[in-house]
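Here the structure is laid out as structure tokens; the discussion comes afterwards.
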Amino acid sequence: MDTYTIAAAGLPALGWALHGGLLLRRLATARRDPLTGLHTRAGFTAHADHLITRHANALVVLVDLDDFKAINDTHGHAAGDVVLTATARRLADWCGRHGIAARLGGDEFTAIVTDPARTAGLGALRDALDAPVTHDGHTLRVSASVGHCHREQLTVPVLTDALSAADASMYAVKGHGRRNTR
């Protein structure tokens, strides 16, 4: 075969390989929240489904920032963005290498850890999430309601049931006032 024939046959393959690489990069980007860098709902679900079925000690956490709208209304959306990114970082730090965190949308976050004993505990998570955030010389009070569900509490270990149980737990917390964990 001459060089021209090899090049003519290889160019389309090279083009498809580059195109495939770009599509994979776009897909990965679509599964990350651009503001916080956390997984989106789609990116989280794919990983979390796998983790909850494989790890008997898995813990699913649902986090909702309390009175977040007041921060945006009082200090502006830039301040709200700072609070969201701080919350994301704190949740991801709490998970460490033993889980994944995601921003579901708005001011709602979730995480799954495969071994809760390797985290600092739910009390430490609550304390981290409730720590003030500084923006433009203002100290912003932040609080979050945290619900959770241990895999062992589920009849069938599926993510949708774990998130529903964590959601019910979180709303029970909100019913008892802010700054709680249940």
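By order in the structure tokens, chains are A, B, ...; within a chain, residues start at 1; ligands start at 1, following the order shown.
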
*Near region 121-134 of chain A, counting only C-alpha atoms, which residues have an atom at most 8 Å away, once you skip same-chain residues fewer than 2 positions from it, shown as a ChimeraX atom specification?*
/A:82-83,86-87,90-91,94,116-117,119,136-146,179-181

*Point out the residue among A:Ala42, A:Ala92, A:Leu65, A:Val173 with the least atom-to-atom distance to Leu104 (chain A), counting only C-alpha atoms.*
A:Ala42

_Which of A:Ala101, A:Ala78, A:Leu62, A:Ile52 sits closest to Leu159 (chain A) [using only C-alpha atoms]_ = A:Ile52

*Test item: residues at most 12 Å from Gly37 (chain A), only C-alpha atoms, excluding those fewer than 3 positions along its chain, as a PyMOL selection string*: chain A and resi 28-34+40+43+84-89+91-92+100-103
